[in-house]
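As provided, final22.cif (mmCIF, N, CA and C atoms and all ligand atoms) reads as follows.
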```cif
data_upload
loop_
_atom_site.label_atom_id
_atom_site.label_comp_id
_atom_site.auth_asym_id
_atom_site.auth_seq_id
_atom_site.Cartn_x
_atom_site.Cartn_y
_atom_site.Cartn_z
N MET P 18 91.62 92.70 101.51
CA MET P 18 92.58 92.44 100.44
C MET P 18 93.11 93.77 99.87
N ALA P 19 94.38 93.83 99.63
CA ALA P 19 94.98 95.06 99.11
C ALA P 19 94.61 95.26 97.64
N VAL P 20 94.52 96.51 97.24
CA VAL P 20 94.13 96.82 95.86
C VAL P 20 95.31 97.41 95.09
N ASP P 21 95.25 97.20 93.79
CA ASP P 21 96.23 97.74 92.86
C ASP P 21 95.85 99.20 92.58
N ALA P 22 96.73 100.12 92.96
CA ALA P 22 96.42 101.55 92.85
C ALA P 22 96.39 102.04 91.40
N THR P 23 96.78 101.20 90.45
CA THR P 23 96.77 101.64 89.04
C THR P 23 95.48 101.23 88.32
N GLN P 24 94.58 100.54 89.04
CA GLN P 24 93.33 100.11 88.39
C GLN P 24 92.41 101.31 88.15
N PRO P 25 91.47 101.18 87.20
CA PRO P 25 90.48 102.24 87.02
C PRO P 25 89.57 102.36 88.24
N TYR P 26 88.94 103.51 88.40
CA TYR P 26 88.05 103.74 89.54
C TYR P 26 86.84 102.80 89.47
N ASP P 27 86.54 102.17 90.61
CA ASP P 27 85.39 101.25 90.74
C ASP P 27 84.30 101.95 91.54
N ASP P 28 83.21 102.32 90.89
CA ASP P 28 82.19 103.11 91.61
C ASP P 28 81.33 102.26 92.55
N GLN P 29 81.68 100.98 92.67
CA GLN P 29 80.99 100.14 93.66
C GLN P 29 81.80 100.02 94.96
N ASN P 30 82.91 100.75 95.08
CA ASN P 30 83.69 100.65 96.32
C ASN P 30 82.91 101.26 97.48
N VAL P 31 83.26 100.86 98.70
CA VAL P 31 82.46 101.20 99.87
C VAL P 31 82.39 102.71 100.11
N PHE P 32 83.47 103.43 99.80
CA PHE P 32 83.43 104.88 100.05
C PHE P 32 82.60 105.60 98.99
N ALA P 33 82.56 105.07 97.77
CA ALA P 33 81.66 105.62 96.76
C ALA P 33 80.22 105.46 97.23
N LYS P 34 79.92 104.31 97.83
CA LYS P 34 78.56 104.07 98.34
C LYS P 34 78.24 105.01 99.50
N ILE P 35 79.23 105.28 100.34
CA ILE P 35 79.02 106.25 101.43
C ILE P 35 78.74 107.63 100.85
N LEU P 36 79.51 108.03 99.85
CA LEU P 36 79.30 109.36 99.24
C LEU P 36 77.92 109.47 98.61
N ARG P 37 77.40 108.37 98.08
CA ARG P 37 76.06 108.40 97.46
C ARG P 37 74.95 108.22 98.49
N GLY P 38 75.33 108.02 99.76
CA GLY P 38 74.33 107.85 100.81
C GLY P 38 73.71 106.46 100.82
N GLU P 39 74.36 105.49 100.17
CA GLU P 39 73.79 104.14 100.09
C GLU P 39 74.09 103.32 101.34
N ILE P 40 75.16 103.67 102.04
CA ILE P 40 75.44 103.04 103.33
C ILE P 40 75.78 104.15 104.34
N PRO P 41 75.47 103.92 105.60
CA PRO P 41 75.61 104.98 106.60
C PRO P 41 77.07 105.23 106.98
N ASN P 42 77.29 106.39 107.57
CA ASN P 42 78.61 106.70 108.13
C ASN P 42 78.41 107.65 109.28
N ARG P 43 79.41 107.74 110.13
CA ARG P 43 79.38 108.70 111.24
C ARG P 43 80.17 109.93 110.82
N THR P 44 79.45 110.89 110.23
CA THR P 44 80.09 112.06 109.64
C THR P 44 80.65 112.99 110.70
N VAL P 45 81.87 113.45 110.45
CA VAL P 45 82.53 114.44 111.29
C VAL P 45 82.47 115.82 110.63
N TYR P 46 82.59 115.85 109.31
CA TYR P 46 82.66 117.11 108.58
C TYR P 46 82.34 116.85 107.11
N GLU P 47 81.71 117.82 106.48
CA GLU P 47 81.45 117.71 105.04
C GLU P 47 81.46 119.09 104.42
N ASP P 48 82.06 119.22 103.25
CA ASP P 48 81.93 120.44 102.45
C ASP P 48 81.89 120.04 100.98
N ASP P 49 82.09 121.01 100.08
CA ASP P 49 81.96 120.71 98.65
C ASP P 49 83.00 119.73 98.16
N PHE P 50 84.13 119.65 98.85
CA PHE P 50 85.26 118.87 98.34
C PHE P 50 85.56 117.60 99.11
N ALA P 51 85.08 117.49 100.34
CA ALA P 51 85.53 116.39 101.20
C ALA P 51 84.43 115.94 102.15
N LEU P 52 84.54 114.67 102.54
CA LEU P 52 83.71 114.10 103.60
C LEU P 52 84.65 113.45 104.61
N ALA P 53 84.42 113.72 105.89
CA ALA P 53 85.20 113.09 106.96
C ALA P 53 84.25 112.31 107.86
N PHE P 54 84.66 111.08 108.18
CA PHE P 54 83.80 110.21 109.00
C PHE P 54 84.67 109.28 109.83
N HIS P 55 84.09 108.76 110.91
CA HIS P 55 84.83 107.87 111.78
C HIS P 55 85.08 106.52 111.10
N ASP P 56 86.31 106.02 111.25
CA ASP P 56 86.63 104.68 110.73
C ASP P 56 85.81 103.64 111.49
N ILE P 57 85.32 102.64 110.78
CA ILE P 57 84.47 101.61 111.37
C ILE P 57 85.25 100.67 112.30
N ASN P 58 86.56 100.64 112.14
CA ASN P 58 87.42 99.75 112.93
C ASN P 58 88.61 100.56 113.46
N PRO P 59 88.35 101.45 114.45
CA PRO P 59 89.37 102.42 114.83
C PRO P 59 90.66 101.80 115.38
N GLN P 60 91.78 102.37 114.95
CA GLN P 60 93.11 101.91 115.38
C GLN P 60 93.72 102.86 116.41
N ALA P 61 92.98 103.89 116.80
CA ALA P 61 93.44 104.86 117.80
C ALA P 61 92.18 105.46 118.41
N PRO P 62 92.29 106.13 119.57
CA PRO P 62 91.09 106.73 120.18
C PRO P 62 90.33 107.63 119.21
N THR P 63 91.05 108.39 118.42
CA THR P 63 90.44 109.13 117.30
C THR P 63 90.99 108.54 116.00
N HIS P 64 90.10 108.06 115.16
CA HIS P 64 90.50 107.53 113.84
C HIS P 64 89.43 107.95 112.85
N VAL P 65 89.75 109.00 112.13
CA VAL P 65 88.83 109.59 111.16
C VAL P 65 89.41 109.40 109.76
N LEU P 66 88.53 109.16 108.81
CA LEU P 66 88.93 109.08 107.40
C LEU P 66 88.42 110.34 106.69
N VAL P 67 89.28 110.95 105.89
CA VAL P 67 88.87 112.10 105.08
C VAL P 67 89.01 111.70 103.62
N ILE P 68 87.92 111.85 102.87
CA ILE P 68 87.93 111.45 101.46
C ILE P 68 87.50 112.62 100.58
N PRO P 69 88.07 112.68 99.37
CA PRO P 69 87.59 113.69 98.43
C PRO P 69 86.25 113.27 97.86
N LYS P 70 85.44 114.23 97.44
CA LYS P 70 84.14 113.89 96.85
C LYS P 70 84.28 113.35 95.43
N GLY P 71 85.36 113.72 94.75
CA GLY P 71 85.58 113.23 93.40
C GLY P 71 86.03 111.77 93.40
N SER P 72 85.97 111.17 92.22
CA SER P 72 86.27 109.73 92.06
C SER P 72 87.75 109.52 91.77
N TYR P 73 88.52 109.34 92.83
CA TYR P 73 89.96 109.13 92.71
C TYR P 73 90.36 107.87 93.45
N VAL P 74 91.12 107.01 92.79
CA VAL P 74 91.48 105.70 93.36
C VAL P 74 92.39 105.86 94.57
N CYS P 75 93.33 106.80 94.49
CA CYS P 75 94.40 106.85 95.49
C CYS P 75 95.11 108.19 95.38
N TRP P 76 96.13 108.36 96.21
CA TRP P 76 96.89 109.61 96.22
C TRP P 76 97.51 109.89 94.85
N ASP P 77 98.02 108.85 94.21
CA ASP P 77 98.64 109.04 92.90
C ASP P 77 97.63 109.59 91.90
N ASP P 78 96.47 108.96 91.84
CA ASP P 78 95.42 109.38 90.92
C ASP P 78 94.98 110.81 91.22
N PHE P 79 94.76 111.10 92.50
CA PHE P 79 94.29 112.44 92.91
C PHE P 79 95.32 113.51 92.57
N SER P 80 96.57 113.26 92.90
CA SER P 80 97.60 114.28 92.68
C SER P 80 97.85 114.52 91.20
N ALA P 81 97.56 113.49 90.38
CA ALA P 81 97.78 113.63 88.93
C ALA P 81 96.58 114.25 88.23
N ARG P 82 95.35 113.94 88.66
CA ARG P 82 94.17 114.30 87.87
C ARG P 82 93.26 115.35 88.48
N ALA P 83 93.31 115.52 89.80
CA ALA P 83 92.36 116.45 90.43
C ALA P 83 92.68 117.89 90.04
N SER P 84 91.64 118.71 90.03
CA SER P 84 91.85 120.14 89.74
C SER P 84 92.52 120.81 90.94
N ASP P 85 93.08 122.00 90.67
CA ASP P 85 93.69 122.75 91.77
C ASP P 85 92.66 123.03 92.86
N ALA P 86 91.42 123.33 92.46
CA ALA P 86 90.37 123.62 93.47
C ALA P 86 90.09 122.38 94.32
N GLU P 87 90.05 121.20 93.69
CA GLU P 87 89.80 119.97 94.45
C GLU P 87 90.95 119.68 95.42
N ILE P 88 92.18 119.88 94.95
CA ILE P 88 93.33 119.60 95.81
C ILE P 88 93.37 120.59 96.98
N THR P 89 93.17 121.86 96.66
CA THR P 89 93.15 122.86 97.73
C THR P 89 92.03 122.56 98.72
N GLY P 90 90.85 122.29 98.21
CA GLY P 90 89.70 122.03 99.07
C GLY P 90 89.91 120.83 99.96
N PHE P 91 90.49 119.78 99.39
CA PHE P 91 90.70 118.55 100.17
C PHE P 91 91.75 118.77 101.25
N VAL P 92 92.87 119.37 100.88
CA VAL P 92 93.94 119.59 101.87
C VAL P 92 93.45 120.50 102.99
N ARG P 93 92.71 121.53 102.62
CA ARG P 93 92.18 122.42 103.67
C ARG P 93 91.18 121.69 104.55
N ALA P 94 90.38 120.80 103.98
CA ALA P 94 89.41 120.05 104.78
C ALA P 94 90.12 119.14 105.79
N VAL P 95 91.18 118.47 105.37
CA VAL P 95 91.92 117.61 106.30
C VAL P 95 92.43 118.44 107.48
N GLY P 96 93.01 119.58 107.17
CA GLY P 96 93.52 120.45 108.24
C GLY P 96 92.41 120.96 109.15
N LYS P 97 91.28 121.32 108.55
CA LYS P 97 90.17 121.86 109.33
C LYS P 97 89.59 120.80 110.27
N VAL P 98 89.46 119.58 109.79
CA VAL P 98 88.92 118.50 110.63
C VAL P 98 89.79 118.36 111.88
N ALA P 99 91.08 118.27 111.68
CA ALA P 99 91.99 118.10 112.82
C ALA P 99 91.92 119.30 113.77
N ARG P 100 91.90 120.48 113.19
CA ARG P 100 91.84 121.71 114.00
C ARG P 100 90.55 121.77 114.78
N ASP P 101 89.43 121.51 114.11
CA ASP P 101 88.12 121.59 114.77
C ASP P 101 87.96 120.52 115.85
N MET P 102 88.69 119.40 115.71
CA MET P 102 88.62 118.35 116.72
C MET P 102 89.60 118.58 117.86
N GLY P 103 90.32 119.71 117.80
CA GLY P 103 91.24 120.06 118.88
C GLY P 103 92.51 119.22 118.91
N LEU P 104 92.94 118.78 117.73
CA LEU P 104 94.04 117.81 117.68
C LEU P 104 95.41 118.43 117.38
N VAL P 105 95.44 119.74 117.13
CA VAL P 105 96.73 120.32 116.73
C VAL P 105 97.70 120.33 117.90
N ALA P 106 97.24 120.77 119.06
CA ALA P 106 98.16 120.86 120.21
C ALA P 106 98.63 119.48 120.68
N PRO P 107 97.73 118.52 120.88
CA PRO P 107 98.23 117.20 121.28
C PRO P 107 98.95 116.47 120.16
N GLY P 108 98.59 116.77 118.93
CA GLY P 108 99.26 116.15 117.79
C GLY P 108 98.42 115.06 117.15
N TYR P 109 98.71 114.83 115.88
CA TYR P 109 97.99 113.79 115.14
C TYR P 109 98.86 113.27 114.02
N ARG P 110 98.43 112.17 113.44
CA ARG P 110 99.17 111.54 112.33
C ARG P 110 98.25 111.37 111.14
N LEU P 111 98.77 111.70 109.95
CA LEU P 111 98.05 111.45 108.70
C LEU P 111 98.71 110.31 107.95
N LEU P 112 97.88 109.51 107.28
CA LEU P 112 98.40 108.35 106.54
C LEU P 112 97.52 108.12 105.32
N ALA P 113 98.13 107.95 104.17
CA ALA P 113 97.36 107.63 102.96
C ALA P 113 98.00 106.41 102.31
N ASN P 114 97.42 105.25 102.52
CA ASN P 114 97.94 104.03 101.91
C ASN P 114 97.67 104.06 100.42
N THR P 115 98.67 103.69 99.65
CA THR P 115 98.56 103.71 98.19
C THR P 115 99.05 102.39 97.62
N GLY P 116 98.10 101.56 97.20
CA GLY P 116 98.46 100.34 96.47
C GLY P 116 98.87 99.17 97.33
N LEU P 117 99.47 98.21 96.67
CA LEU P 117 99.66 96.87 97.22
C LEU P 117 100.59 96.84 98.43
N ASP P 118 101.78 97.41 98.32
CA ASP P 118 102.73 97.32 99.44
C ASP P 118 102.25 98.08 100.66
N ALA P 119 101.43 99.11 100.46
CA ALA P 119 100.89 99.87 101.59
C ALA P 119 99.63 99.24 102.15
N HIS P 120 99.16 98.20 101.49
CA HIS P 120 97.94 97.49 101.89
C HIS P 120 96.71 98.39 101.85
N GLN P 121 96.58 99.16 100.80
CA GLN P 121 95.34 99.93 100.59
C GLN P 121 94.20 98.94 100.35
N GLU P 122 93.13 99.10 101.13
CA GLU P 122 92.01 98.15 101.01
C GLU P 122 90.81 98.73 100.25
N VAL P 123 90.61 100.03 100.37
CA VAL P 123 89.45 100.66 99.71
C VAL P 123 89.98 101.54 98.57
N PRO P 124 89.54 101.27 97.32
CA PRO P 124 90.10 101.99 96.17
C PRO P 124 89.42 103.34 95.89
N HIS P 125 89.27 104.13 96.96
CA HIS P 125 88.88 105.55 96.84
C HIS P 125 89.81 106.28 97.80
N LEU P 126 90.53 107.29 97.31
CA LEU P 126 91.51 107.98 98.16
C LEU P 126 90.93 108.31 99.53
N HIS P 127 91.67 107.96 100.56
CA HIS P 127 91.29 108.36 101.92
C HIS P 127 92.55 108.64 102.70
N VAL P 128 92.48 109.69 103.51
CA VAL P 128 93.55 110.01 104.44
C VAL P 128 93.08 109.61 105.83
N HIS P 129 93.86 108.75 106.47
CA HIS P 129 93.57 108.39 107.87
C HIS P 129 94.09 109.51 108.76
N LEU P 130 93.29 109.87 109.76
CA LEU P 130 93.72 110.85 110.76
C LEU P 130 93.66 110.12 112.11
N PHE P 131 94.83 109.89 112.69
CA PHE P 131 94.93 109.19 113.97
C PHE P 131 95.32 110.18 115.06
N ALA P 132 94.72 110.02 116.25
CA ALA P 132 95.07 110.89 117.37
C ALA P 132 94.50 110.30 118.65
N GLY P 133 94.81 110.98 119.77
CA GLY P 133 94.17 110.61 121.03
C GLY P 133 95.08 109.88 121.99
N ARG P 134 96.28 109.53 121.56
CA ARG P 134 97.28 108.93 122.44
C ARG P 134 98.64 109.06 121.75
N PRO P 135 99.72 108.90 122.51
CA PRO P 135 101.02 108.86 121.83
C PRO P 135 101.01 107.70 120.82
N LEU P 136 101.35 108.02 119.58
CA LEU P 136 101.14 107.05 118.50
C LEU P 136 102.35 106.17 118.21
N GLY P 137 103.46 106.44 118.89
CA GLY P 137 104.61 105.55 118.75
C GLY P 137 105.31 105.72 117.42
N PRO P 138 106.19 104.78 117.10
CA PRO P 138 106.96 104.90 115.87
C PRO P 138 106.06 104.85 114.64
N MET P 139 106.55 105.39 113.57
CA MET P 139 105.73 105.55 112.37
C MET P 139 105.32 104.21 111.77
N LEU P 140 106.23 103.25 111.76
CA LEU P 140 105.93 101.95 111.20
C LEU P 140 106.18 100.89 112.25
N ALA P 141 105.39 99.79 112.21
CA ALA P 141 105.64 98.66 113.10
C ALA P 141 107.01 98.10 112.80
N ARG P 142 107.74 97.71 113.86
CA ARG P 142 109.09 97.17 113.62
C ARG P 142 109.07 95.65 113.61
P1 LIG P 201 93.11 101.29 103.91
O1 LIG P 201 93.75 100.00 104.32
O2 LIG P 201 94.03 102.46 104.01
O3 LIG P 201 92.45 101.18 102.54
O4 LIG P 201 91.98 101.57 104.97
C1 LIG P 201 90.61 101.33 104.77
C2 LIG P 201 89.91 101.73 106.04
O5 LIG P 201 88.52 101.84 105.77
C3 LIG P 201 90.07 100.74 107.21
O6 LIG P 201 90.65 101.42 108.32
C4 LIG P 201 88.64 100.29 107.48
O7 LIG P 201 88.37 100.06 108.84
C5 LIG P 201 87.83 101.45 106.93
N1 LIG P 201 86.47 101.15 106.52
C6 LIG P 201 86.05 100.15 105.70
N2 LIG P 201 84.72 100.19 105.53
C7 LIG P 201 84.28 101.25 106.26
C8 LIG P 201 82.99 101.83 106.49
N3 LIG P 201 81.88 101.33 105.94
N4 LIG P 201 82.92 102.92 107.29
C9 LIG P 201 84.03 103.44 107.86
N5 LIG P 201 85.27 102.95 107.66
C10 LIG P 201 85.39 101.86 106.88
#
```
Just dump the structure as structure tokens.
Amino acid sequence: MAVDATQPYDDQNVFAKILRGEIPNRTVYEDDFALAFHDINPQAPTHVLVIPKGSYVCWDDFSARASDAEITGFVRAVGKVARDMGLVAPGYRLLANTGLDAHQEVPHLHVHLFAGRPLGPMLAR
């Protein structure tokens, strides 16, 4: 079910539980600002989610409230994950669903990183 991106942060969301170590994940990368792990239902040969460690509902919340250090750290982590996975030359796609029309399902900011095959047009037609 899609979530309203304007709601307050819910610390019982699945990614909050992953950050607290309450449910497992297949970690790709972790630093002070970000955690990257494989999506449980991959939509491409490589489908990794990168999330900030702070409690942010979505891109809107993060871009408005996060500190400069958190934003820098998160953006650098997304780039590093892709680079370390060897995805720059073949190419990759980033996606951050925000709110109802984008069908955001988990109310903790996450950037999808898709790669591993030609990904086709940006949106389904
Ligand atoms: P979105 O629609 O942008 O909110 O995407 C949520 C993503 O989280 C989906 O691609 C799900 O497959 C993924 N997901 C949900 N639960 C888990 C989990 N426990 N571990 C890894 N990925 C998950």
- Task: Tell me which protein, DNA and RNA residues are within 5 Å of segment 130-138 of chain P, counting all atoms listed in the file, leaving out same-chain ones fewer than 6 positions away, and put them as number ranges by chain.
- Result: P: 62-66, 109-111
Listing only residues of chain P within 5 Å of ligand LIG 201 (chain P), what is the closest atom pair and its distance in Å (to one decimal) for each, using only N, CA and C atoms and all ligand atoms, sorted by chain and residue number ascending, as CSV?
```
residue,atom,partner,partner_atom,distance
P:His55,C,P:LIG201,C9,4.6
P:Asp56,CA,P:LIG201,N5,3.8
P:Ile57,N,P:LIG201,N5,3.1
P:Asn58,N,P:LIG201,O7,3.8
P:Asn114,N,P:LIG201,O2,4.6
P:His120,C,P:LIG201,O1,4.2
P:Gln121,C,P:LIG201,O3,3.6
P:Glu122,N,P:LIG201,O3,2.6
P:Val123,N,P:LIG201,O3,3.1
```
Please produce a file of those selected residues containing N, CA and C atoms, as a PDB file, in the coordinates of the input.
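Saved to again22.pdb:
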```
ATOM      1  N   HIS P  55      84.090 108.760 110.910  1.00  0.00           N
ATOM      2  CA  HIS P  55      84.830 107.870 111.780  1.00  0.00           C
ATOM      3  C   HIS P  55      85.080 106.520 111.100  1.00  0.00           C
ATOM      4  N   ASP P  56      86.310 106.020 111.250  1.00  0.00           N
ATOM      5  CA  ASP P  56      86.630 104.680 110.730  1.00  0.00           C
ATOM      6  C   ASP P  56      85.810 103.640 111.490  1.00  0.00           C
ATOM      7  N   ILE P  57      85.320 102.640 110.780  1.00  0.00           N
ATOM      8  CA  ILE P  57      84.470 101.610 111.370  1.00  0.00           C
ATOM      9  C   ILE P  57      85.250 100.670 112.300  1.00  0.00           C
ATOM     10  N   ASN P  58      86.560 100.640 112.140  1.00  0.00           N
ATOM     11  CA  ASN P  58      87.420  99.750 112.930  1.00  0.00           C
ATOM     12  C   ASN P  58      88.610 100.560 113.460  1.00  0.00           C
ATOM     13  N   ASN P 114      97.420 105.250 102.520  1.00  0.00           N
ATOM     14  CA  ASN P 114      97.940 104.030 101.910  1.00  0.00           C
ATOM     15  C   ASN P 114      97.670 104.060 100.420  1.00  0.00           C
ATOM     16  N   HIS P 120      99.160  98.200 101.490  1.00  0.00           N
ATOM     17  CA  HIS P 120      97.940  97.490 101.890  1.00  0.00           C
ATOM     18  C   HIS P 120      96.710  98.390 101.850  1.00  0.00           C
ATOM     19  N   GLN P 121      96.580  99.160 100.800  1.00  0.00           N
ATOM     20  CA  GLN P 121      95.340  99.930 100.590  1.00  0.00           C
ATOM     21  C   GLN P 121      94.200  98.940 100.350  1.00  0.00           C
ATOM     22  N   GLU P 122      93.130  99.100 101.130  1.00  0.00           N
ATOM     23  CA  GLU P 122      92.010  98.150 101.010  1.00  0.00           C
ATOM     24  C   GLU P 122      90.810  98.730 100.250  1.00  0.00           C
ATOM     25  N   VAL P 123      90.610 100.030 100.370  1.00  0.00           N
ATOM     26  CA  VAL P 123      89.450 100.660  99.710  1.00  0.00           C
ATOM     27  C   VAL P 123      89.980 101.540  98.570  1.00  0.00           C
TER      28      VAL P 123
END
```
- Can you pull out every residue within 8 Å of Thr115 of chain P, counting all atoms listed in the file, but drop anything in the same chain fewer than 4 positions away, and send it as a list in words? Val20, Asp21, Ala22, Thr23, Val74, Cys75, Trp76, Asp77, Ala119, His120, Gln121 and Glu122 of chain P
- Task: Do a neighbour search on Tyr73 of chain P at 7 Å with all atoms listed in the file, toss out local chain neighbours closer than 3 positions, and write the hits as a ChimeraX atom specification.
- Result: /P:26,69-70,76,78-79,124-126
- Query: Looking at only N, CA and C atoms, which of P:Arg43, P:Ala94, P:Leu52, P:Ala19 is the one that sits closest to Asp118 of chain P?
  - Reply: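 The closest residue to Asp118 of chain P is P:Ala19.
Our summary of the geometry notes that atom N of Asp49 of chain P is positioned 11.6 Å from atom N of Thr89 of chain P.
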To test your reading of the structure, identify every residue in chain P that backbone DSSP assigns to strand (DSSP E), and report it as an mmCIF file with N, CA and C atoms, in the frame of the given file.
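File selection.cif, as written:
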```cif
data_model
loop_
_atom_site.group_PDB
_atom_site.id
_atom_site.type_symbol
_atom_site.label_atom_id
_atom_site.label_comp_id
_atom_site.auth_asym_id
_atom_site.auth_seq_id
_atom_site.Cartn_x
_atom_site.Cartn_y
_atom_site.Cartn_z
ATOM 1 N N THR P 44 79.450 110.890 110.230
ATOM 2 C CA THR P 44 80.090 112.060 109.640
ATOM 3 C C THR P 44 80.650 112.990 110.700
ATOM 4 N N VAL P 45 81.870 113.450 110.450
ATOM 5 C CA VAL P 45 82.530 114.440 111.290
ATOM 6 C C VAL P 45 82.470 115.820 110.630
ATOM 7 N N TYR P 46 82.590 115.850 109.310
ATOM 8 C CA TYR P 46 82.660 117.110 108.580
ATOM 9 C C TYR P 46 82.340 116.850 107.110
ATOM 10 N N GLU P 47 81.710 117.820 106.480
ATOM 11 C CA GLU P 47 81.450 117.710 105.040
ATOM 12 C C GLU P 47 81.460 119.090 104.420
ATOM 13 N N ALA P 51 85.080 117.490 100.340
ATOM 14 C CA ALA P 51 85.530 116.390 101.200
ATOM 15 C C ALA P 51 84.430 115.940 102.150
ATOM 16 N N LEU P 52 84.540 114.670 102.540
ATOM 17 C CA LEU P 52 83.710 114.100 103.600
ATOM 18 C C LEU P 52 84.650 113.450 104.610
ATOM 19 N N ALA P 53 84.420 113.720 105.890
ATOM 20 C CA ALA P 53 85.200 113.090 106.960
ATOM 21 C C ALA P 53 84.250 112.310 107.860
ATOM 22 N N PHE P 54 84.660 111.080 108.180
ATOM 23 C CA PHE P 54 83.800 110.210 109.000
ATOM 24 C C PHE P 54 84.670 109.280 109.830
ATOM 25 N N HIS P 55 84.090 108.760 110.910
ATOM 26 C CA HIS P 55 84.830 107.870 111.780
ATOM 27 C C HIS P 55 85.080 106.520 111.100
ATOM 28 N N THR P 63 91.050 108.390 118.420
ATOM 29 C CA THR P 63 90.440 109.130 117.300
ATOM 30 C C THR P 63 90.990 108.540 116.000
ATOM 31 N N HIS P 64 90.100 108.060 115.160
ATOM 32 C CA HIS P 64 90.500 107.530 113.840
ATOM 33 C C HIS P 64 89.430 107.950 112.850
ATOM 34 N N VAL P 65 89.750 109.000 112.130
ATOM 35 C CA VAL P 65 88.830 109.590 111.160
ATOM 36 C C VAL P 65 89.410 109.400 109.760
ATOM 37 N N LEU P 66 88.530 109.160 108.810
ATOM 38 C CA LEU P 66 88.930 109.080 107.400
ATOM 39 C C LEU P 66 88.420 110.340 106.690
ATOM 40 N N VAL P 67 89.280 110.950 105.890
ATOM 41 C CA VAL P 67 88.870 112.100 105.080
ATOM 42 C C VAL P 67 89.010 111.700 103.620
ATOM 43 N N ILE P 68 87.920 111.850 102.870
ATOM 44 C CA ILE P 68 87.930 111.450 101.460
ATOM 45 C C ILE P 68 87.500 112.620 100.580
ATOM 46 N N PRO P 69 88.070 112.680 99.370
ATOM 47 C CA PRO P 69 87.590 113.690 98.430
ATOM 48 C C PRO P 69 86.250 113.270 97.860
ATOM 49 N N ARG P 110 98.430 112.170 113.440
ATOM 50 C CA ARG P 110 99.170 111.540 112.330
ATOM 51 C C ARG P 110 98.250 111.370 111.140
ATOM 52 N N LEU P 111 98.770 111.700 109.950
ATOM 53 C CA LEU P 111 98.050 111.450 108.700
ATOM 54 C C LEU P 111 98.710 110.310 107.950
ATOM 55 N N LEU P 112 97.880 109.510 107.280
ATOM 56 C CA LEU P 112 98.400 108.350 106.540
ATOM 57 C C LEU P 112 97.520 108.120 105.320
ATOM 58 N N VAL P 128 92.480 109.690 103.510
ATOM 59 C CA VAL P 128 93.550 110.010 104.440
ATOM 60 C C VAL P 128 93.080 109.610 105.830
ATOM 61 N N HIS P 129 93.860 108.750 106.470
ATOM 62 C CA HIS P 129 93.570 108.390 107.870
ATOM 63 C C HIS P 129 94.090 109.510 108.760
ATOM 64 N N LEU P 130 93.290 109.870 109.760
ATOM 65 C CA LEU P 130 93.720 110.850 110.760
ATOM 66 C C LEU P 130 93.660 110.120 112.110
ATOM 67 N N PHE P 131 94.830 109.890 112.690
ATOM 68 C CA PHE P 131 94.930 109.190 113.970
ATOM 69 C C PHE P 131 95.320 110.180 115.060
ATOM 70 N N ALA P 132 94.720 110.020 116.250
ATOM 71 C CA ALA P 132 95.070 110.890 117.370
ATOM 72 C C ALA P 132 94.500 110.300 118.650
#
```
- Message: Taking only chain P into account, list the residues labelled helix (DSSP H, G or I) by DSSP (computed from the backbone), as a PyMOL selection string.
- Response: chain P and resi 31-36+76-82+85-101
- Task: May I ask for the distance between atom CA of Asp28 of chain P and atom CA of Tyr46 of chain P, given in Å to one decimal place?
- Result: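 Calculated distance between atom CA of Asp28 of chain P and atom CA of Tyr46 of chain P is 22.0 Å.
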Please put the answer as JSON: centre and edge lengths, in Å with one decimal, of a box along x, y and z that encloses all listed atoms of segment 26-45 of chain P plus 3 Å on each side.
```
{"center_x": 81.3, "center_y": 107.9, "center_z": 99.8, "size_x": 21.2, "size_y": 21.8, "size_z": 28.9}
```
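With all atoms listed in the file as the atoms that count, the minimum distance from Val92 of chain P to the choices P:Val31, P:Pro107, P:Ala141, P:Phe50 is reached by P:Phe50.
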- Item | Between atom N of Ala99 of chain P and atom N of Val45 of chain P - distance in Å to one decimal |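 Interatomic distance here is 10.5 Å.
Using only C-alpha atoms, the nearest neighbour of Pro41 of chain P within the list P:Val95, P:Gln24, P:Phe54, P:Val128 is P:Phe54.
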- Message: Taking only N, CA and C atoms into account, name the residue in P:Asn42, P:Ala51, P:Ala113, P:Val67 that is nearest to Glu87 of chain P.
- Response: P:Ala51
